[in-house]
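Structure file protein_35.cif with mmCIF, C-alpha atoms and all ligand atoms:
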```cif
data_my_file
#
loop_
_atom_site.label_atom_id
_atom_site.label_comp_id
_atom_site.auth_asym_id
_atom_site.auth_seq_id
_atom_site.Cartn_x
_atom_site.Cartn_y
_atom_site.Cartn_z
CA MET A 1 18.16 -35.68 -37.22
CA ASN A 2 20.14 -35.35 -34.10
CA ALA A 3 22.28 -32.55 -32.87
CA ALA A 4 23.85 -33.10 -29.52
CA HIS A 5 26.55 -35.67 -30.11
CA GLN A 6 30.13 -34.61 -29.81
CA THR A 7 32.51 -37.31 -30.95
CA ASP A 8 32.87 -39.66 -33.86
CA ASP A 9 32.36 -42.55 -31.45
CA GLU A 10 29.05 -41.04 -30.45
CA GLN A 11 28.12 -40.47 -34.08
CA MET A 12 29.08 -44.05 -34.86
CA THR A 13 26.87 -45.30 -32.01
CA LEU A 14 24.02 -43.01 -32.94
CA TRP A 15 23.91 -43.81 -36.66
CA ASN A 16 24.46 -47.53 -36.08
CA GLY A 17 21.80 -47.53 -33.37
CA LEU A 18 18.62 -45.57 -32.79
CA ALA A 19 19.05 -42.87 -35.45
CA GLY A 20 20.24 -45.30 -38.13
CA ARG A 21 17.32 -47.65 -37.50
CA ALA A 22 14.84 -44.75 -37.46
CA TRP A 23 16.18 -43.45 -40.80
CA VAL A 24 15.96 -46.93 -42.34
CA GLU A 25 12.40 -47.36 -41.12
CA ALA A 26 11.37 -43.89 -42.33
CA GLN A 27 13.39 -44.11 -45.56
CA ALA A 28 10.46 -43.65 -47.96
CA LEU A 29 9.00 -40.78 -45.91
CA LEU A 30 12.34 -38.96 -45.56
CA ASP A 31 13.18 -39.39 -49.22
CA GLN A 32 9.77 -37.97 -50.16
CA THR A 33 10.17 -35.02 -47.75
CA PHE A 34 13.73 -34.22 -48.87
CA GLN A 35 13.19 -34.95 -52.57
CA PRO A 36 13.58 -31.24 -53.51
CA PHE A 37 17.15 -31.33 -52.19
CA GLU A 38 17.93 -34.46 -54.15
CA ASP A 39 16.62 -32.69 -57.27
CA LEU A 40 18.92 -29.72 -56.60
CA LEU A 41 21.98 -31.97 -56.28
CA VAL A 42 21.08 -33.98 -59.38
CA GLU A 43 20.70 -30.68 -61.28
CA ALA A 44 24.12 -29.58 -60.00
CA VAL A 45 25.73 -32.82 -61.19
CA SER A 46 23.95 -32.51 -64.52
CA ALA A 47 25.23 -28.92 -64.93
CA ALA A 48 28.80 -29.77 -63.84
CA ARG A 49 29.13 -32.81 -66.12
CA PRO A 50 32.05 -34.02 -64.03
CA ALA A 51 34.70 -36.33 -65.40
CA GLY A 52 35.12 -39.44 -63.31
CA ARG A 53 33.41 -40.99 -60.35
CA ILE A 54 31.07 -39.03 -58.05
CA LEU A 55 31.16 -39.39 -54.26
CA ASP A 56 28.06 -38.92 -52.09
CA VAL A 57 29.16 -38.28 -48.49
CA GLY A 58 26.94 -39.43 -45.62
CA CYS A 59 24.74 -41.04 -48.27
CA GLY A 60 22.49 -42.75 -45.72
CA THR A 61 20.01 -45.10 -47.36
CA GLY A 62 21.30 -44.06 -50.78
CA SER A 63 18.53 -42.06 -52.41
CA THR A 64 20.79 -39.29 -53.72
CA THR A 65 23.54 -41.69 -54.80
CA LEU A 66 20.99 -43.75 -56.74
CA ALA A 67 19.42 -40.67 -58.32
CA VAL A 68 22.83 -39.49 -59.55
CA ALA A 69 23.63 -42.99 -60.85
CA ARG A 70 20.31 -42.91 -62.76
CA LEU A 71 21.25 -39.55 -64.26
CA LEU A 72 24.66 -40.83 -65.37
CA GLY A 73 23.28 -44.01 -66.91
CA ALA A 74 24.99 -47.36 -67.37
CA LYS A 75 28.48 -45.91 -67.68
CA GLY A 76 28.07 -43.54 -64.75
CA ARG A 77 29.93 -44.26 -61.60
CA CYS A 78 28.62 -43.01 -58.28
CA THR A 79 29.76 -44.11 -54.83
CA GLY A 80 28.04 -43.46 -51.52
CA ILE A 81 29.93 -43.53 -48.24
CA ASP A 82 28.29 -43.72 -44.83
CA ILE A 83 29.28 -44.62 -41.30
CA SER A 84 26.03 -46.53 -40.63
CA ASP A 85 25.80 -50.27 -41.22
CA PRO A 86 21.98 -50.43 -41.37
CA MET A 87 21.76 -47.45 -43.71
CA ILE A 88 24.43 -48.77 -46.07
CA ALA A 89 22.76 -52.21 -46.04
CA THR A 90 19.51 -50.53 -47.12
CA ALA A 91 21.31 -48.52 -49.81
CA ARG A 92 22.95 -51.66 -51.21
CA ALA A 93 19.63 -53.52 -51.25
CA ARG A 94 17.99 -50.63 -53.13
CA ALA A 95 20.86 -50.57 -55.66
CA GLU A 96 20.49 -54.29 -56.23
CA ARG A 97 16.71 -54.00 -56.66
CA GLU A 98 17.07 -51.38 -59.37
CA THR A 99 20.24 -52.96 -60.83
CA SER A 100 22.03 -49.68 -60.30
CA PRO A 101 25.77 -49.38 -60.98
CA ALA A 102 26.03 -47.28 -57.78
CA SER A 103 28.35 -48.68 -55.13
CA PHE A 104 28.49 -48.11 -51.37
CA ILE A 105 31.25 -48.01 -48.77
CA ARG A 106 30.59 -48.43 -45.07
CA ALA A 107 33.27 -46.20 -43.53
CA ASN A 108 33.99 -42.93 -41.75
CA ALA A 109 34.44 -40.30 -44.49
CA GLN A 110 36.61 -38.20 -42.14
CA ILE A 111 39.46 -40.73 -42.18
CA HIS A 112 38.68 -43.26 -44.92
CA ALA A 113 41.70 -43.92 -47.17
CA PHE A 114 40.16 -42.90 -50.51
CA ALA A 115 42.36 -43.32 -53.57
CA PRO A 116 43.93 -39.87 -54.08
CA ALA A 117 42.40 -37.66 -56.80
CA SER A 118 39.79 -40.25 -57.63
CA PHE A 119 36.49 -38.30 -57.66
CA GLY A 120 35.33 -35.80 -60.27
CA MET A 121 32.64 -34.35 -57.97
CA ILE A 122 31.69 -34.71 -54.31
CA ILE A 123 28.12 -34.12 -53.15
CA SER A 124 26.09 -34.47 -49.98
CA ARG A 125 22.52 -34.01 -48.84
CA PHE A 126 22.74 -33.27 -45.10
CA GLY A 127 25.60 -35.77 -44.64
CA VAL A 128 28.63 -33.60 -43.74
CA MET A 129 27.65 -31.92 -40.46
CA PHE A 130 28.58 -34.81 -38.20
CA PHE A 131 32.40 -34.84 -38.26
CA ASP A 132 34.19 -34.33 -34.94
CA HIS A 133 37.10 -32.73 -36.82
CA PRO A 134 35.56 -31.05 -39.89
CA VAL A 135 38.84 -29.60 -41.22
CA ARG A 136 40.44 -33.05 -41.17
CA ALA A 137 37.35 -34.50 -42.83
CA PHE A 138 37.18 -31.92 -45.63
CA ALA A 139 40.96 -32.16 -46.15
CA ASN A 140 40.50 -35.91 -46.57
CA LEU A 141 37.73 -35.28 -49.12
CA ARG A 142 39.95 -32.68 -50.84
CA ARG A 143 42.70 -35.30 -51.30
CA ALA A 144 40.10 -37.66 -52.78
CA ALA A 145 39.00 -35.01 -55.32
CA ARG A 146 40.53 -34.67 -58.77
CA GLU A 147 41.99 -31.35 -59.74
CA ASN A 148 39.16 -28.90 -60.43
CA ALA A 149 36.50 -31.23 -58.98
CA GLU A 150 33.45 -29.51 -57.53
CA LEU A 151 32.22 -29.95 -53.98
CA ARG A 152 28.50 -29.35 -53.59
CA PHE A 153 26.52 -29.98 -50.40
CA ILE A 154 23.40 -28.89 -48.59
CA ALA A 155 23.35 -28.15 -44.86
CA TRP A 156 20.85 -26.60 -42.46
CA ARG A 157 20.88 -22.94 -41.44
CA THR A 158 20.05 -21.98 -37.84
CA PRO A 159 17.44 -23.64 -35.60
CA SER A 160 15.59 -20.30 -35.34
CA GLU A 161 15.26 -20.23 -39.14
CA ASN A 162 14.00 -23.83 -39.03
CA PRO A 163 11.27 -23.78 -36.38
CA PHE A 164 9.59 -26.89 -37.84
CA MET A 165 12.73 -28.88 -37.06
CA THR A 166 12.70 -27.91 -33.38
CA THR A 167 8.92 -27.93 -32.75
CA ALA A 168 8.93 -31.42 -31.23
CA GLU A 169 11.71 -30.83 -28.71
CA ARG A 170 10.37 -27.40 -27.70
CA ALA A 171 6.87 -28.76 -27.09
CA ALA A 172 8.11 -31.90 -25.30
CA SER A 173 10.75 -30.26 -23.10
CA PRO A 174 8.42 -29.46 -20.14
CA PHE A 175 7.67 -33.21 -19.92
CA LEU A 176 11.14 -34.50 -20.84
CA PRO A 177 13.76 -32.16 -19.37
CA ASN A 178 16.58 -34.56 -20.34
CA ILE A 179 15.90 -34.05 -24.06
CA PRO A 180 19.36 -33.60 -25.68
CA ALA A 181 20.18 -29.89 -26.10
CA ARG A 182 21.37 -28.44 -29.43
CA ARG A 183 24.92 -27.15 -29.01
CA PRO A 184 25.99 -24.57 -31.60
CA ASP A 185 28.82 -25.84 -33.83
CA ALA A 186 28.81 -29.35 -32.26
CA PRO A 187 28.50 -32.26 -34.71
CA GLY A 188 24.83 -32.57 -35.60
CA GLN A 189 22.04 -31.22 -37.75
CA PHE A 190 22.88 -27.52 -37.16
CA ALA A 191 26.69 -27.75 -37.01
CA PHE A 192 27.01 -25.70 -40.22
CA ALA A 193 24.39 -23.07 -39.35
CA ASP A 194 27.11 -20.39 -39.15
CA HIS A 195 28.23 -19.86 -42.74
CA ARG A 196 31.42 -18.08 -41.62
CA ARG A 197 32.47 -21.25 -39.86
CA VAL A 198 31.77 -23.23 -43.02
CA TYR A 199 33.98 -20.84 -45.04
CA ARG A 200 36.80 -21.29 -42.53
CA ILE A 201 36.48 -25.08 -42.52
CA LEU A 202 36.55 -25.32 -46.31
CA GLU A 203 39.38 -22.86 -46.79
CA ASP A 204 41.46 -24.41 -44.00
CA SER A 205 41.01 -27.80 -45.60
CA GLY A 206 42.30 -26.64 -49.00
CA TRP A 207 39.09 -25.99 -50.96
CA THR A 208 38.87 -22.83 -53.08
CA GLU A 209 36.11 -20.75 -54.72
CA VAL A 210 33.91 -21.29 -51.66
CA ASP A 211 30.39 -20.13 -52.40
CA ILE A 212 27.63 -20.32 -49.80
CA ARG A 213 24.08 -19.33 -50.67
CA PRO A 214 20.88 -19.47 -48.62
CA ILE A 215 18.10 -21.58 -50.08
CA ASP A 216 14.56 -21.79 -48.71
CA VAL A 217 12.93 -24.98 -49.86
CA ALA A 218 9.26 -25.97 -49.54
CA CYS A 219 8.93 -29.49 -48.11
CA THR A 220 5.88 -31.66 -47.47
CA LEU A 221 4.95 -34.87 -45.74
CA PRO A 222 1.64 -36.65 -45.35
CA GLU A 223 -0.23 -35.67 -42.16
CA LYS A 224 -0.81 -39.34 -41.39
CA GLU A 225 2.99 -39.80 -41.05
CA LEU A 226 3.53 -36.80 -38.75
CA VAL A 227 3.33 -38.68 -35.42
CA HIS A 228 5.66 -41.39 -36.71
CA TYR A 229 8.04 -38.64 -37.86
CA PHE A 230 8.37 -36.79 -34.56
CA THR A 231 8.23 -39.84 -32.29
CA ASN A 232 11.11 -41.59 -34.07
CA LEU A 233 13.41 -38.90 -35.45
CA GLY A 234 15.39 -36.01 -33.95
CA PRO A 235 16.20 -35.45 -30.28
CA LEU A 236 12.68 -36.44 -29.20
CA GLY A 237 12.95 -39.73 -31.10
CA THR A 238 16.12 -40.62 -29.19
CA ILE A 239 14.51 -40.40 -25.74
CA LEU A 240 10.75 -40.84 -26.11
CA HIS A 241 11.07 -44.61 -25.69
CA GLU A 242 12.21 -43.88 -22.09
CA ALA A 243 8.78 -42.41 -21.21
CA ASP A 244 6.11 -44.76 -19.79
CA GLY A 245 2.72 -45.27 -21.50
CA PRO A 246 0.65 -42.36 -20.05
CA ALA A 247 3.60 -39.91 -20.12
CA ARG A 248 4.31 -40.90 -23.71
CA MET A 249 0.68 -40.27 -24.70
CA ARG A 250 0.74 -36.83 -23.05
CA VAL A 251 3.91 -35.89 -24.92
CA ILE A 252 2.55 -37.11 -28.25
CA GLU A 253 -0.72 -35.15 -27.85
CA THR A 254 1.11 -31.96 -26.85
CA VAL A 255 3.67 -32.20 -29.62
CA ARG A 256 1.08 -33.05 -32.25
CA THR A 257 -0.88 -29.90 -31.29
CA ALA A 258 2.30 -27.83 -31.54
CA PHE A 259 2.60 -28.93 -35.17
CA ASP A 260 -0.94 -27.64 -36.02
CA PRO A 261 0.28 -24.50 -37.81
CA TYR A 262 2.08 -26.72 -40.34
CA VAL A 263 -0.89 -28.98 -41.05
CA HIS A 264 -2.98 -28.18 -44.14
CA GLY A 265 -5.59 -30.91 -44.55
CA GLU A 266 -3.80 -34.12 -45.40
CA GLN A 267 -0.48 -32.41 -45.87
CA VAL A 268 2.19 -31.05 -43.56
CA ARG A 269 4.10 -28.16 -45.11
CA PHE A 270 7.23 -26.43 -43.92
CA THR A 271 10.08 -24.37 -45.29
CA ALA A 272 13.59 -25.75 -44.89
CA ALA A 273 16.16 -22.97 -44.46
CA CYS A 274 19.45 -24.33 -45.75
CA TRP A 275 22.79 -23.44 -47.27
CA MET A 276 23.77 -24.56 -50.75
CA VAL A 277 27.53 -24.81 -50.46
CA GLY A 278 29.92 -25.04 -53.38
CA ALA A 279 33.73 -25.18 -53.55
CA ARG A 280 36.44 -26.33 -55.90
CA ALA A 281 39.53 -28.48 -55.65
CA SER A 282 41.70 -26.15 -57.67
CA MET A 283 45.46 -26.05 -57.32
CA GLY A 284 45.47 -22.34 -56.37
CA ALA A 285 47.46 -21.29 -53.31
CA LYS A 286 45.62 -21.72 -50.06
CA GLN A 287 44.73 -18.37 -48.49
CA PRO A 288 44.88 -17.62 -44.77
CA PRO A 289 41.31 -18.07 -43.50
CA CYS A 290 41.06 -14.55 -41.98
CA GLN A 291 41.89 -12.86 -45.31
CA ALA A 292 39.48 -15.05 -47.19
CA ALA A 293 36.69 -14.38 -44.67
CA LYS A 294 37.29 -10.62 -44.97
CA ARG A 295 37.21 -10.73 -48.75
CA ARG A 296 34.24 -13.02 -49.23
CA GLY A 297 32.43 -12.13 -45.99
CA ALA A 298 28.69 -12.17 -45.46
CA ASP A 299 28.08 -9.98 -48.51
CA SER A 300 28.46 -12.85 -50.91
CA VAL A 301 25.89 -14.91 -49.02
C1 LIG B 1 20.98 -36.68 -41.86
S1 LIG B 1 21.56 -38.18 -42.51
C2 LIG B 1 21.48 -37.86 -44.25
C3 LIG B 1 21.48 -39.13 -45.06
C4 LIG B 1 21.36 -38.94 -46.56
N1 LIG B 1 22.37 -38.07 -47.12
C5 LIG B 1 20.00 -38.45 -46.94
O1 LIG B 1 19.84 -37.27 -47.28
O2 LIG B 1 19.04 -39.23 -46.89
C6 LIG B 1 23.29 -38.03 -42.15
C7 LIG B 1 24.10 -39.20 -42.59
O3 LIG B 1 25.49 -38.94 -42.35
C8 LIG B 1 26.10 -40.15 -41.95
N2 LIG B 1 27.37 -39.86 -41.26
C9 LIG B 1 27.56 -39.26 -40.06
N3 LIG B 1 28.87 -39.17 -39.78
C10 LIG B 1 29.53 -39.73 -40.83
C11 LIG B 1 30.91 -39.95 -41.13
N4 LIG B 1 31.88 -39.55 -40.28
N5 LIG B 1 31.23 -40.57 -42.28
C12 LIG B 1 30.26 -40.98 -43.15
N6 LIG B 1 28.94 -40.80 -42.92
C13 LIG B 1 28.58 -40.17 -41.77
C14 LIG B 1 25.04 -40.80 -41.05
O4 LIG B 1 25.25 -42.17 -40.84
C15 LIG B 1 23.78 -40.48 -41.84
O5 LIG B 1 23.47 -41.48 -42.75
#
```
Here is the file; what I need is its structure written in the form of structure tokens.
Amino acid sequence: MNAAHQTDDEQMTLWNGLAGRAWVEAQALLDQTFQPFEDLLVEAVSAARPAGRILDVGCGTGSTTLAVARLLGAKGRCTGIDISDPMIATARARAERETSPASFIRANAQIHAFAPASFGMIISRFGVMFFDHPVRAFANLRRAARENAELRFIAWRTPSENPFMTTAERAASPFLPNIPARRPDAPGQFAFADHRRVYRILEDSGWTEVDIRPIDVACTLPEKELVHYFTNLGPLGTILHEADGPARMRVIETVRTAFDPYVHGEQVRFTAACWMVGARASMGAKQPPCQAAKRRGADSV
């Protein structure tokens, strides 16, 4: 995942270019690694038993959308929305292969003209941290939600709580000083690391009953995929192709060694420190964000 991209135009370029292609190519690996998060969202949908269509925001190559569609069965309706052409094309091909009733929209969820009050639940696995105007985006999703619909998404906590995620860039930075820096709160992987900011965004965009809980999730990937993983994804993946042959080899060796603590035989293991975020589209009066922050504060996290 990438962090250091400020505007929707940049996100559009990123996810329709290098990052989008890398996610398509690594689809099976990423889906395997992030399967536990898919399971958590499917469980949440199963528990909520929402009436009406479900929306999966920033659905990428569609794994979560398809899993929810499988849960709901033939009559279930699940729609994925994503800004990336290559990722939506992959999602549609997967849906066709498994004759899934899931459907996919290629559009910017921040501004897309959804039919008002059309979704009974809105979910996302790591797909909502990339908006350049998050309040506008979540207000748009709020308008698309039916009364009482649940919002449920998973986002990353801080980089320091997720050292696996930053191992590659830290190890490569002496060789590649132009590696994109992570900017706190900027659109990207760690944009929602600060849960107080997430509260404010959701309350300012009209969601209620905001509930943010830390989850620590064990993830694995095969050791034989590790080099492919760090050379193609994240900030390192976006610039490594600029390095010449010998420099590239030096970076790969150094970064691979830096990952040693996570390697256990044929498996790479790490803990993903994330937030499980819930909210509701109830008709209750919107509270001023400062009051809400005081009342709910860090204690409920
Ligand atoms: C980290 S990926 C997660 C993909 C998918 N949810 C998964 O877990 O495999 C983030 C996704 O958000 C999408 N995205 C970024 N900005 C978006 C926007 N404004 N509207 C819709 N999708 C967006 C990207 O194209 C990308 O597919």
Exercise. Between atom CA of A:Ala44 and atom CA of A:Phe164, what is the spacing in Å?
Worked result: 26.6 Å
Hey, can you pull every residue with an atom no more than 7 Å from (27.5, -43.2, -36.1), using all atoms listed in the file, and send it as a PDB file with C-alpha atoms, in the coordinates of the input?
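Output file point-v8.pdb is given in full below:
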```pdb
ATOM      1  CA  ASP A   8      32.870 -39.660 -33.860  1.00  0.00           C
ATOM      2  CA  ASP A   9      32.360 -42.550 -31.450  1.00  0.00           C
ATOM      3  CA  GLU A  10      29.050 -41.040 -30.450  1.00  0.00           C
ATOM      4  CA  GLN A  11      28.120 -40.470 -34.080  1.00  0.00           C
ATOM      5  CA  MET A  12      29.080 -44.050 -34.860  1.00  0.00           C
ATOM      6  CA  THR A  13      26.870 -45.300 -32.010  1.00  0.00           C
ATOM      7  CA  LEU A  14      24.020 -43.010 -32.940  1.00  0.00           C
ATOM      8  CA  TRP A  15      23.910 -43.810 -36.660  1.00  0.00           C
ATOM      9  CA  ASN A  16      24.460 -47.530 -36.080  1.00  0.00           C
ATOM     10  CA  ILE A  83      29.280 -44.620 -41.300  1.00  0.00           C
ATOM     11  CA  SER A  84      26.030 -46.530 -40.630  1.00  0.00           C
TER      12      SER A  84
END
```
For this session: Name the residues, by chain letter and number, that sit within 9 Å of ligand LIG 1 (chain B) using all atoms listed in the file, and give them as a PyMOL selection string.
Result: chain A and resi 1-2+8+11-12+14-16+19-20+23+27+30-31+34-35+37-38+56-65+80-88+106-112+124-132+137+187-189
Exercise. A:Ser173, A:Val198, A:Thr167, A:Leu151: which is nearest A:Pro261, counting only C-alpha atoms?
Worked result: A:Thr167
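Coordinates place atom CA of A:Ile105 at a distance of 25.8 Å from atom CA of A:Ser282.
For the set A:Thr254, A:Asn148, A:Asn162, A:Gln32, the residue with the smallest atom-to-atom gap to A:Ala273 is A:Asn162, counting only C-alpha atoms.
Reported to one decimal place, the separation of atom CA of A:Ala91 from atom CA of A:Ala139 is 25.8 Å.
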Produce the centre coordinates and the three edge lengths, each in Å to one decimal, of the box along x, y and z that contains all listed atoms of stretch 226-245 of chain A with 3 Å added on each side, as JSON.
```
{"center_x": 9.5, "center_y": -40.4, "center_z": -29.3, "size_x": 19.5, "size_y": 15.8, "size_z": 25.0}
```
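Around A:Ala117, within 7 Å and counting all atoms listed in the file, the residues found are Arg143, Ala144, Ala145, Arg146 and Glu147 of chain A, once anything fewer than 3 positions away on its own chain is removed.
Nearest-residue note for A:Ala258: choosing from A:Glu43, A:Glu161, A:Asp211, A:Glu169, the minimum distance belongs to A:Glu169, counting all atoms listed in the file.
Nearest residue to A:Leu221, choosing from A:Met121, A:Val42, A:Leu29, A:Ile239 and counting all atoms listed in the file: A:Leu29.
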For this session: List the neighbours of A:His241 out to 12 Å using all atoms listed in the file; skip same-chain residues closer than 4 positions along the sequence, and give me the result as a list in words.
Result: Leu18, Leu176, Ile179, Thr231, Asn232, Leu233, Pro235, Leu236, Gly237, Gly245, Ala247, Arg248, Met249, Val251 and Ile252 of chain A
Seminar exercise, completed: For A:Glu96, the closest of A:Leu66, A:Ala113, A:Phe119, A:Ala279 counting all atoms listed in the file is A:Leu66
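Using all atoms listed in the file for every distance, the candidate list A:Ile122, A:Arg182, A:Ser205, A:Ala74 yields A:Ile122 as the residue closest to A:Val45.
For A:Gly76, the list of residues within 12 Å, based on only C-alpha atoms and with local chain neighbours fewer than 3 positions off taken out, reads Val45, Ser46, Arg49, Pro50, Ala51, Gly52, Arg53, Ile54, Leu55, Thr65, Leu66, Ala67, Val68, Ala69, Arg70, Leu71, Leu72, Gly73, Thr79, Ser100, Pro101, Ala102, Ser103 and Gly120 of chain A.
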For this session: Excluding A:Glu225 and residues on its chain fewer than 3 positions from it, collect all residues at most 10 Å away from it, counting all atoms listed in the file, and give them as a list in words.
Result: Ala26, Leu29, Leu221, Pro222, His228, Tyr229, Phe230, Glu266, Gln267 and Val268 of chain A
